[in-house]
Each structure stands twice: as structure tokens, then as C-alpha cells.
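Okay, protein10.txt now, which holds compact mmCIF, C-alpha atoms:
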# COMPACT_ATOMS: atom_id res chain seq x y z
CA MET U 1 68.82 -3.80 198.51
CA THR U 2 68.94 -3.80 202.32
CA GLU U 3 65.73 -2.70 203.92
CA VAL U 4 66.22 0.04 206.52
CA ALA U 5 64.08 -0.31 209.64
CA ILE U 6 61.61 2.45 210.33
CA ALA U 7 62.94 4.59 213.16
CA TYR U 8 59.75 4.89 215.17
CA GLU U 9 59.97 6.37 218.63
CA PRO U 10 58.89 3.91 221.34
CA ALA U 11 55.63 5.68 222.24
CA VAL U 12 52.36 4.36 220.89
CA GLY U 13 49.34 6.63 220.81
CA ARG U 14 45.77 5.33 221.19
CA TYR U 15 42.37 6.78 221.97
CA ILE U 16 40.14 5.81 224.85
CA ASN U 17 36.62 6.95 225.63
CA ILE U 18 35.90 7.90 229.21
CA GLU U 19 32.85 9.28 230.94
CA VAL U 20 33.38 12.34 233.11
CA GLU U 21 30.48 14.13 234.81
CA GLY U 22 28.03 12.27 232.61
CA ARG U 23 29.66 13.22 229.32
CA ASN U 24 31.71 11.07 227.00
CA ASN U 25 35.25 12.26 226.30
CA ARG U 26 37.53 10.93 223.58
CA VAL U 27 40.97 11.05 225.15
CA TYR U 28 44.35 10.58 223.53
CA VAL U 29 46.92 8.51 225.43
CA GLU U 30 50.59 7.88 224.65
CA GLN U 31 52.45 5.03 226.31
CA ALA U 32 55.89 3.47 226.19
CA GLY U 33 57.90 1.03 228.29
CA GLU U 34 57.03 -1.81 230.60
CA GLY U 35 56.85 -2.08 234.35
CA THR U 36 55.46 0.16 237.05
CA PRO U 37 52.95 2.55 235.52
CA LEU U 38 54.03 6.20 235.67
CA LEU U 39 51.04 8.36 234.84
CA CYS U 40 52.04 11.88 233.74
CA LEU U 41 49.82 14.98 233.93
CA HIS U 42 50.62 17.99 231.75
CA THR U 43 50.44 21.67 232.65
CA ALA U 44 47.56 24.08 232.01
CA GLY U 45 47.00 24.86 228.35
CA SER U 46 49.45 22.26 227.07
CA ASP U 47 49.36 18.52 226.42
CA GLY U 48 51.14 15.21 226.89
CA ARG U 49 53.96 16.09 224.51
CA GLN U 50 55.59 17.78 227.47
CA TYR U 51 56.64 14.27 228.53
CA ARG U 52 58.20 13.37 225.15
CA ALA U 53 61.66 12.91 226.66
CA LEU U 54 60.42 10.49 229.30
CA LEU U 55 58.58 8.57 226.59
CA ASN U 56 61.91 8.21 224.80
CA ASP U 57 64.24 7.52 227.71
CA GLU U 58 65.52 3.95 227.45
CA ARG U 59 66.60 3.69 231.07
CA LEU U 60 63.18 4.79 232.24
CA LEU U 61 61.29 2.63 229.78
CA ALA U 62 63.17 -0.47 230.92
CA ARG U 63 61.46 -0.22 234.32
CA TYR U 64 58.38 1.93 233.85
CA ARG U 65 55.32 2.08 231.67
CA VAL U 66 55.24 5.82 231.02
CA ILE U 67 51.76 7.08 230.21
CA ALA U 68 50.88 10.62 229.17
CA PHE U 69 47.34 11.59 228.19
CA ASP U 70 45.89 14.84 226.95
CA LEU U 71 43.12 16.24 229.10
CA PRO U 72 39.83 16.71 227.20
CA TYR U 73 40.05 19.91 225.05
CA HIS U 74 43.86 19.59 224.97
CA GLY U 75 46.26 18.21 222.41
CA LYS U 76 44.63 15.42 220.42
CA SER U 77 41.81 14.86 222.93
CA SER U 78 38.43 16.13 221.77
CA PRO U 79 36.15 18.34 223.78
CA PRO U 80 32.91 16.59 224.73
CA GLU U 81 29.87 16.95 222.49
CA GLY U 82 28.20 20.31 223.01
CA TRP U 83 31.41 22.15 223.83
CA GLU U 84 30.56 24.91 221.39
CA ARG U 85 27.89 26.37 223.69
CA ASP U 86 29.91 26.06 226.91
CA ASP U 87 32.73 27.99 228.51
CA TYR U 88 35.43 25.47 229.34
CA LEU U 89 36.26 25.48 233.06
CA LEU U 90 38.45 22.94 234.79
CA THR U 91 37.25 22.28 238.31
CA SER U 92 38.92 20.16 240.98
CA GLU U 93 36.13 17.59 240.77
CA ARG U 94 36.32 17.35 237.00
CA TYR U 95 40.11 17.07 237.02
CA VAL U 96 40.18 14.31 239.64
CA ALA U 97 37.31 12.47 237.96
CA THR U 98 39.13 12.62 234.61
CA VAL U 99 42.36 11.19 236.00
CA MET U 100 40.53 8.44 237.87
CA ALA U 101 38.55 7.58 234.72
CA VAL U 102 41.82 7.22 232.79
CA VAL U 103 43.28 5.04 235.57
CA ALA U 104 40.19 2.81 235.40
CA ALA U 105 40.02 2.70 231.60
CA LEU U 106 43.68 1.68 231.34
CA LYS U 107 43.29 -0.76 234.26
CA LEU U 108 46.33 0.73 235.97
CA ASP U 109 47.40 -0.99 239.16
CA ARG U 110 48.46 1.69 241.64
CA PRO U 111 50.41 3.86 239.24
CA ILE U 112 52.85 6.52 240.32
CA VAL U 113 51.13 9.75 239.39
CA MET U 114 53.30 12.70 238.43
CA GLY U 115 51.94 16.09 237.44
CA CYS U 116 53.29 19.54 236.76
CA SER U 117 51.76 22.90 237.69
CA ILE U 118 48.00 22.22 237.56
CA GLY U 119 49.10 18.59 237.46
CA GLY U 120 51.29 19.29 240.49
CA ARG U 121 48.19 20.56 242.26
CA ALA U 122 46.11 17.65 241.00
CA VAL U 123 48.45 15.07 242.52
CA LEU U 124 47.67 16.67 245.90
CA HIS U 125 43.92 16.31 245.28
CA LEU U 126 44.49 12.73 244.10
CA ALA U 127 46.68 11.79 247.08
CA LEU U 128 44.07 13.32 249.37
CA HIS U 129 40.95 11.70 247.90
CA HIS U 130 42.31 8.57 246.21
CA GLY U 131 45.59 7.87 248.00
CA PRO U 132 45.24 4.06 248.05
CA SER U 133 44.91 4.07 244.24
CA PHE U 134 48.46 5.37 243.81
CA ARG U 135 51.87 3.94 244.60
CA ALA U 136 53.21 7.47 245.06
CA ALA U 137 52.60 11.03 243.90
CA ILE U 138 55.24 13.32 242.43
CA GLY U 139 54.35 16.99 242.33
CA LEU U 140 56.34 19.15 239.95
CA GLN U 141 55.85 22.84 240.62
CA SER U 142 53.22 22.07 243.23
CA GLY U 143 51.62 24.72 245.39
CA LEU U 144 48.55 25.09 247.54
CA HIS U 145 47.45 28.01 245.37
CA ALA U 146 48.77 30.49 242.82
CA GLU U 147 48.19 34.09 241.89
CA SER U 148 49.49 36.60 239.38
CA ILE U 149 49.81 40.37 239.29
CA PHE U 150 48.24 40.05 235.84
CA GLY U 151 45.16 38.34 237.26
CA ALA U 152 42.92 41.25 236.26
CA GLN U 153 44.18 41.11 232.70
CA TYR U 154 43.66 37.37 232.57
CA GLU U 155 40.08 37.73 233.72
CA ALA U 156 38.53 41.14 233.07
CA GLU U 157 40.30 41.73 229.78
CA GLY U 158 40.08 38.11 228.67
CA ILE U 159 43.57 38.53 227.35
CA MET U 160 43.97 34.92 226.24
CA ASN U 161 40.76 34.61 224.25
CA ARG U 162 39.60 37.69 222.40
CA PRO U 163 38.91 38.25 218.73
CA GLU U 164 41.52 40.93 218.08
CA ALA U 165 44.48 38.88 219.31
CA HIS U 166 45.92 35.48 218.50
CA GLY U 167 45.08 33.35 221.53
CA GLY U 168 47.91 30.90 221.01
CA GLU U 169 50.48 33.66 220.81
CA MET U 170 49.05 35.32 223.89
CA CYS U 171 48.99 32.11 225.93
CA SER U 172 52.49 31.15 224.91
CA MET U 173 53.82 34.60 225.66
CA LEU U 174 52.32 34.46 229.15
CA ILE U 175 54.30 31.33 229.98
CA SER U 176 57.52 32.03 228.07
CA GLY U 177 59.22 33.73 231.01
CA LEU U 178 58.61 30.75 233.26
CA ILE U 179 61.31 28.75 231.51
CA GLY U 180 64.79 28.69 233.03
CA PRO U 181 67.43 30.78 231.24
CA GLU U 182 69.68 27.82 230.49
CA ALA U 183 67.00 25.65 228.88
CA PRO U 184 68.12 24.23 225.54
CA HIS U 185 66.86 26.41 222.70
CA LYS U 186 65.01 23.54 220.99
CA ASP U 187 63.17 22.45 224.13
CA ARG U 188 62.34 26.01 225.16
CA TRP U 189 60.63 26.69 221.85
CA GLU U 190 58.92 23.30 221.69
CA THR U 191 57.45 24.02 225.12
CA ILE U 192 56.26 27.40 223.84
CA TRP U 193 54.86 25.84 220.65
CA HIS U 194 52.55 23.55 222.61
CA TYR U 195 50.96 26.64 224.13
CA MET U 196 50.60 28.25 220.74
CA GLN U 197 48.45 25.29 219.70
CA GLY U 198 45.93 25.41 222.51
CA GLY U 199 42.22 25.73 221.74
CA PRO U 200 40.41 29.01 222.38
CA GLY U 201 39.75 29.58 226.07
CA VAL U 202 41.36 26.31 227.15
CA PHE U 203 44.37 27.74 228.96
CA ALA U 204 42.11 30.27 230.67
CA GLY U 205 39.72 27.47 231.66
CA ASP U 206 42.61 25.52 233.20
CA LEU U 207 43.72 28.60 235.10
CA TYR U 208 40.33 28.64 236.78
CA TYR U 209 41.49 25.49 238.56
CA TYR U 210 44.99 26.87 239.12
CA PHE U 211 43.99 30.25 240.54
CA ASP U 212 40.54 29.60 241.99
CA ASP U 213 38.78 26.27 242.25
CA GLY U 214 41.83 24.14 243.06
CA ASP U 215 42.91 26.33 245.98
CA LEU U 216 44.12 24.06 248.78
CA ARG U 217 44.73 26.63 251.49
CA ASN U 218 41.82 25.06 253.35
CA GLY U 219 44.05 22.78 255.42
CA MET U 220 42.90 19.64 253.64
CA VAL U 221 46.39 18.62 252.51
CA SER U 222 47.28 17.84 256.13
CA TYR U 223 45.02 14.79 255.70
CA ILE U 224 47.22 13.32 252.95
CA ASP U 225 48.60 10.08 254.34
CA THR U 226 52.12 9.65 252.95
CA ASN U 227 52.29 6.17 254.46
CA ILE U 228 49.64 5.20 251.93
CA CYS U 229 50.64 7.53 249.11
CA PRO U 230 54.16 8.94 249.51
CA LEU U 231 54.46 12.51 248.21
CA TYR U 232 57.55 13.89 246.51
CA LEU U 233 57.84 17.54 245.51
CA LEU U 234 60.33 18.77 242.94
CA SER U 235 60.44 22.46 242.21
CA GLY U 236 62.32 24.45 239.55
CA GLU U 237 64.02 27.51 240.98
CA TYR U 238 63.13 29.85 238.09
CA ASP U 239 59.38 29.35 238.48
CA TYR U 240 57.83 32.59 239.76
CA SER U 241 54.27 31.24 239.42
CA ALA U 242 54.40 27.91 241.28
CA SER U 243 57.54 28.90 243.11
CA PRO U 244 59.86 26.76 245.22
CA GLU U 245 58.47 28.58 248.27
CA ALA U 246 55.00 27.34 247.31
CA ALA U 247 56.24 23.75 247.16
CA GLU U 248 58.01 24.20 250.50
CA GLU U 249 54.68 25.34 251.93
CA VAL U 250 53.08 22.13 250.69
CA ALA U 251 55.90 20.12 252.29
CA ARG U 252 55.38 21.89 255.60
CA ASN U 253 51.70 21.01 255.53
CA VAL U 254 51.95 17.36 254.51
CA ARG U 255 53.61 15.17 257.10
CA GLY U 256 56.21 12.95 255.44
CA ALA U 257 56.31 14.85 252.13
CA GLN U 258 59.75 15.19 250.64
CA TYR U 259 60.78 18.37 248.89
CA GLN U 260 63.71 19.09 246.61
CA LEU U 261 64.71 22.23 244.75
CA MET U 262 65.73 21.80 241.11
CA PRO U 263 68.33 24.49 240.41
CA GLY U 264 68.38 25.80 236.85
CA LEU U 265 64.86 24.68 235.98
CA GLY U 266 61.66 26.63 235.60
CA HIS U 267 57.96 25.85 235.46
CA PHE U 268 58.15 23.07 232.82
CA PRO U 269 61.06 20.88 233.96
CA MET U 270 60.17 17.77 231.95
CA SER U 271 59.71 19.75 228.75
CA GLU U 272 62.04 22.77 228.92
CA ASP U 273 65.18 20.84 229.92
CA PRO U 274 64.41 17.11 230.02
CA GLU U 275 67.94 15.85 230.61
CA ARG U 276 68.47 18.07 233.60
CA PHE U 277 65.04 17.09 234.92
CA LEU U 278 65.69 13.38 234.57
CA GLY U 279 68.70 13.85 236.82
CA TYR U 280 66.32 14.93 239.58
CA LEU U 281 63.57 12.44 238.78
CA ARG U 282 65.60 9.21 238.72
CA PRO U 283 66.57 9.22 242.44
CA VAL U 284 62.94 9.89 243.38
CA LEU U 285 61.79 6.91 241.33
CA GLN U 286 64.53 4.78 242.88
CA GLU U 287 63.36 5.78 246.32
CA ILE U 288 59.75 4.95 245.49
CA GLU U 289 60.88 1.59 244.17
CA ALA U 290 62.92 0.86 247.30
CA ARG U 291 60.03 1.90 249.51
CA ASP U 292 57.70 -0.33 247.55
CA ASP U 293 60.10 -3.27 247.90
CA ARG U 294 60.28 -2.76 251.67
CA ALA U 295 56.48 -2.72 251.85
CA MET Q 1 76.78 48.27 221.98
CA PRO Q 2 75.65 51.39 220.08
CA LEU Q 3 71.89 51.74 219.85
CA SER Q 4 72.02 51.75 216.06
CA LYS Q 5 73.59 48.28 216.12
CA ILE Q 6 70.86 47.04 218.42
CA TYR Q 7 68.13 48.26 216.07
CA GLU Q 8 70.05 46.71 213.19
CA ALA Q 9 70.21 43.35 214.95
CA LEU Q 10 66.52 43.45 215.82
CA ASN Q 11 65.37 44.46 212.37
CA GLY Q 12 67.66 41.91 210.77
CA ASP Q 13 65.70 39.14 212.46
CA PRO Q 14 62.87 37.74 210.33
CA SER Q 15 60.74 36.85 213.36
CA VAL Q 16 60.84 40.45 214.59
CA ARG Q 17 59.79 41.74 211.18
CA ARG Q 18 56.99 39.17 210.97
CA ARG Q 19 55.65 39.90 214.44
CA LEU Q 20 55.64 43.64 213.79
CA ARG Q 21 54.19 43.67 210.29
CA PHE Q 22 50.83 45.02 211.52
CA ALA Q 23 52.18 46.89 214.56
CA ASP Q 24 51.73 50.55 215.39
CA ALA Q 25 52.74 51.13 218.97
CA VAL Q 26 55.20 52.99 221.16
CA VAL Q 27 56.76 51.42 224.23
CA ALA Q 28 58.93 53.14 226.83
CA ILE Q 29 61.53 51.15 228.72
CA GLU Q 30 63.14 52.57 231.83
CA ALA Q 31 65.97 50.59 233.38
CA GLY Q 32 67.74 52.25 236.28
CA ALA Q 33 68.63 55.72 235.01
CA ASP Q 34 68.25 54.86 231.32
CA ARG Q 35 65.15 55.29 229.18
CA TRP Q 36 64.39 54.19 225.64
CA ASP Q 37 61.25 55.20 223.73
CA ILE Q 38 60.77 52.65 221.00
CA ALA Q 39 58.34 52.57 218.10
CA LEU Q 40 57.08 49.19 216.87
CA ARG Q 41 55.77 50.05 213.44
CA ASP Q 42 55.61 48.81 209.88
CA GLY Q 43 57.54 45.64 210.56
CA ALA Q 44 60.43 47.27 212.37
CA VAL Q 45 61.78 48.56 215.66
CA ALA Q 46 62.91 52.20 215.65
CA PRO Q 47 63.40 55.11 218.04
CA ALA Q 48 60.06 56.81 218.70
CA SER Q 49 59.66 60.32 217.39
CA ALA Q 50 59.80 63.20 219.85
CA GLY Q 51 56.41 63.82 221.42
CA GLU Q 52 55.00 60.34 220.79
CA THR Q 53 53.19 58.90 223.78
CA ALA Q 54 54.02 55.39 224.91
CA GLN Q 55 51.08 52.98 225.19
CA VAL Q 56 53.14 50.76 227.46
CA VAL Q 57 55.74 51.78 230.03
CA ILE Q 58 58.13 49.20 231.50
CA ARG Q 59 60.15 50.27 234.53
CA ILE Q 60 62.91 47.96 235.74
CA SER Q 61 64.86 48.55 238.95
CA ALA Q 62 68.58 49.24 238.58
CA ASP Q 63 69.49 46.10 240.54
CA ALA Q 64 67.26 43.85 238.46
CA TRP Q 65 68.56 45.38 235.23
CA GLN Q 66 72.13 44.70 236.30
CA ALA Q 67 71.25 41.13 237.27
CA PHE Q 68 69.45 40.61 233.96
CA GLN Q 69 72.70 41.35 232.15
CA GLN Q 70 74.54 38.43 233.76
CA PRO Q 71 75.19 35.40 231.54
CA VAL Q 72 72.83 33.39 233.75
CA PRO Q 73 70.53 35.83 235.55
CA PRO Q 74 69.26 34.81 238.98
CA PRO Q 75 65.64 33.71 239.48
CA GLY Q 76 63.27 36.67 239.37
CA CYS Q 77 65.62 38.67 237.14
CA HIS Q 78 65.74 36.38 234.11
CA ASP Q 79 62.67 37.72 232.29
CA ILE Q 80 60.57 40.87 232.29
CA TYR Q 81 57.53 38.98 233.57
CA ALA Q 82 59.63 37.38 236.30
CA MET Q 83 60.74 40.86 237.33
CA ALA Q 84 57.17 42.15 237.26
CA GLU Q 85 55.74 39.21 239.20
CA THR Q 86 58.47 39.51 241.86
CA GLY Q 87 58.22 43.29 242.28
CA ARG Q 88 61.43 44.17 240.47
CA ALA Q 89 59.69 45.86 237.55
CA THR Q 90 56.39 47.57 236.87
CA ILE Q 91 54.41 47.55 233.69
CA THR Q 92 51.68 50.10 233.04
CA GLY Q 93 49.54 51.03 230.08
CA ASP Q 94 47.65 49.03 227.50
CA PHE Q 95 48.06 45.34 228.26
CA LEU Q 96 46.73 44.15 224.93
CA THR Q 97 49.58 46.01 223.24
CA LEU Q 98 52.03 44.65 225.78
CA PHE Q 99 50.97 41.05 225.32
CA ARG Q 100 50.69 41.31 221.54
CA TYR Q 101 54.29 42.36 221.15
CA SER Q 102 55.90 40.74 224.17
CA TYR Q 103 58.17 38.43 222.19
CA VAL Q 104 59.63 41.43 220.37
CA LEU Q 105 59.87 43.36 223.63
CA LYS Q 106 61.78 40.45 225.11
CA ASP Q 107 64.14 40.60 222.15
CA VAL Q 108 64.50 44.36 222.64
CA LEU Q 109 65.29 43.95 226.34
CA GLN Q 110 67.81 41.17 225.67
CA GLN Q 111 69.50 43.24 223.00
CA LEU Q 112 69.69 46.30 225.26
CA ALA Q 113 71.03 44.19 228.13
CA THR Q 114 73.22 41.58 226.48
CA GLY Q 115 73.28 42.03 222.72
CA ARG Q 116 71.47 38.70 222.31
CA MET Q 117 67.94 37.76 221.32
CA PHE Q 118 65.36 36.28 223.70
CA GLY Q 119 65.62 32.52 224.09
Would you write the structure of this file as C-alpha cells?
Amino acid sequence: MTEVAIAYEPAVGRYINIEVEGRNNRVYVEQAGEGTPLLCLHTAGSDGRQYRALLNDERLLARYRVIAFDLPYHGKSSPPEGWERDDYLLTSERYVATVMAVVAALKLDRPIVMGCSIGGRAVLHLALHHGPSFRAAIGLQSGLHAESIFGAQYEAEGIMNRPEAHGGEMCSMLISGLIGPEAPHKDRWETIWHYMQGGPGVFAGDLYYYFDDGDLRNGMVSYIDTNICPLYLLSGEYDYSASPEAAEEVARNVRGAQYQLMPGLGHFPMSEDPERFLGYLRPVLQEIEARDDRA
Amino acid sequence: MPLSKIYEALNGDPSVRRRLRFADAVVAIEAGADRWDIALRDGAVAPASAGETAQVVIRISADAWQAFQQPVPPPGCHDIYAMAETGRATITGDFLTLFRYSYVLKDVLQQLATGRMFG
């Protein structure tokens, strides 16, 4: 009898332990491919599965080591010991420290860092404070800040984390309209599913960074040096939260930043419609590669 | 499409029945000059009875409602929350009720606009 090979996907998942703000965090990391490291940051309240298509794309994996990790509290990453008595809040300092701890733990040599939404904000903080550590930064759905007309409901009514409602359903519902109308059915609902699986209060804790602590309207982004860390901004046109206008504002404030609209896509380009997204990502990666070769 | 067919399509969907199995709410939807008062109750969508008060009222501008009916709606008109966040719709009332049943409400809006289900 002929033995049939096991059809594993290329990604391999491992755990690392990193220290952030004096606390140990057990963090789940998925990686695939070889070459330039491409470190991927997920959106608020979700996890690294958003990058599943990149972790399966043969063309990408032939040239890049694609790495997606789950922030502590997210996906398969544990919260730190003692979480049960704390309210989870993602601050700018904690976010940057977490990413830099992952970079150090994995011994990454100047990776390209790419993040979406809160990750799209984080790449700005990273380019600003740790520019020399990165080959380039790619912000998906980046903005200097964000706000919502439902802000009061998010906060005062604690709509995402209250006993009489299913938090996962509430969180997923809040993001479901951010997906472009032409997203493939399967990818739309997988993107939504990730939100349904979030831990209690985690999405809300991430939004503290998104709406409050991570606000970059303080002029600091003008100090990002794109000669050291080139910045690319890709923005889905159906995103009404981190809108294309918000990314354009970033581009206006960062000398040398390059901005491109992604027609047809929403807030979760890499997850809601991966094939369409890859069409926008590949030229950016090629440009980073060419720039790196020239340097 | 006749309203009865829309209710039939909604109530024929297992996910709608599952999401509404503990529901007891009334939602009013105004789109341009049209208004629908809808009861979400006992696992089904039905017209609200006369005199019932809506816990949630959704008001969508005529332009946004028309745009929403296009095969590929433009940004800002592709979803009720997109319309609300971009000033094309208002939502008032009890937000816990709104958020609890939003997936069904999205199905209701899609059915009223296009005869399809959300997503």
C-alpha cells in the first residue's frame, strides 16, 4: 500500500517565553518560509491566524520568513500570571516592549515589521523608537488616532464584556461591518470567528491603545526617519475606523512615507480577502528588497 | 420582494432562528420614506404588533439606503455601522439590544434592500 504524505501546512507553531514589564509571558509564534524576516502584528482582539494566507503563500515563503505571533492574552498566548485580578489594558509602552521582546527572543535581524489596525499604529511607534531595528515598516490601516460614535457604549456600558451578553458575539459584531463587501464568504466569516474567540475584556483592553494611549497626534511621527526605517502605508477603502484619510494623514506627517489605497478592501485586508491583499503587498515587498539591495 | 417573502427567507435561516431563540425585542427601521417595525421574538422575525414600542430605532438616509442596494455598495454605505459612523444613519435606543441582535438586523436590512442575507 502506498503511503500518502501528511498534508501539513508550511507553518510551524512554537512557544517562547518573554519578559515584558517585569512579567513572564508565554507567547505563541507561527513561522514559515526562509529569507528576510517579515514580522506580522494582528489587529485588536484577534490573533496571528489573520496572517494564515501569508503563512501559506509559496511565492512569499520562497523569499521571506513570515512570522506571526499572538500578543499575550490573545489566541494561544497565555495571559501573565496574576491576570485574574487585573484589568487588561494595552499601552503603547507595553505593546512596543512586547514586539521588541519577540524580536530579541527570535534573534531577528532587522525584520520588516507589518501590522494592521493597532498593529498599523504600533509600526509607527516602532519606527519612531526603534527604527534601526527594522528593515522597513508596513502599516495596514494605520492612523494617528481613531474614534467611534459608539465610544460611550464601548466604555460606559462595557458593551464588550458584561455578564448578560456573549462577549465574543459582541466583539465580532462590532467589527463585522469593517470588512469589504466583496470579501470571500469563507474569509469574512473566519475573520469574524477570530473575534468570537477573544478572551473577556481583551478586545476592549486593546482598544484602550487604539482610542486612547496610542494616540500619535502629538507630532512625534514627524521624527520617524524613513531613510533608516522606510514606511509604507496600505489602506483598505471600506475601513471607516482606520480610514484611508487617516493613513493619508500619517503620510503627510512622515517625510518619505509612501501611501497606497487598496480598493475593495476593509479593515482586515490580510484576513478578509488575502488574495486581493497580496496583490498590493507584493510590490511593496519588492520595493523594500530593491531599496535594501541599493543600500 | 413582498414583505412576507422577506420574513419567510429570514425565518427559514437556521442562524436567524438560533440567534433569536431567547429574543424579545422590537426594532424600528426607517429608510428614506419607508418604515418597518419588526419584532424579534421566540426565534423568529415578524411584524411588530400595533402599539408596540421599539427599543431600537435605526434611521437611514434615502441616499445611503439607495446606495446600500447596489450590488457593490460604496464605502460608508455597505453596512449599517458604516452608515452610522459616517453620518448616513442614526441609531438610538437600547444599545445592548442593538448589539445583541446586530447579525440578525444586518440580515433584515440586507433582505429589505437586496433580498440577500448579510455576508
Inset, instruction - Would you kindly return, as a ChimeraX atom specification, each protein, DNA or RNA residue with an atom no farther than 10 Å from any atom of region 20-27 of chain Q, considering only C-alpha atoms and excluding same-chain residues fewer than 6 positions away? - result: /Q:11,14,36-49,52-58,93-94,97-98,100-101,104-105
Legend entry - Distance-based interface of chain Q with chain U, 10 Å, counting only C-alpha atoms, as a ChimeraX atom specification: /Q:71-87,91,95-103,106,118-119
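Closest approach to Thr90 (chain Q) among Q:Ile60, Q:Met117, Q:Ala67, Q:Leu112: Q:Ile60, based on all atoms listed in the file.
Look at region 242-246 of chain U: the protein and nucleic acid residues within 8 Å of it, using all atoms listed in the file and passing over chain neighbours fewer than 3 places away, are Ser117, Gln141, Ser142, Gly143, Leu144, His145, Ala146, Ser235, Gly236, Glu237, Tyr238, Asp239, Glu249, Val250, Leu261 and His267 of chain U.
Interatomic distance, CA of Gly35 (chain U) against CA of Thr98 (chain U): 23.0 Å.
Here CA of Arg65 (chain U) is placed at a distance of 26.7 Å from CA of Ala247 (chain U).
For the atom pair formed by CA of Glu84 (chain U) and CA of Arg121 (chain U), the distance is 27.7 Å, given to one decimal.
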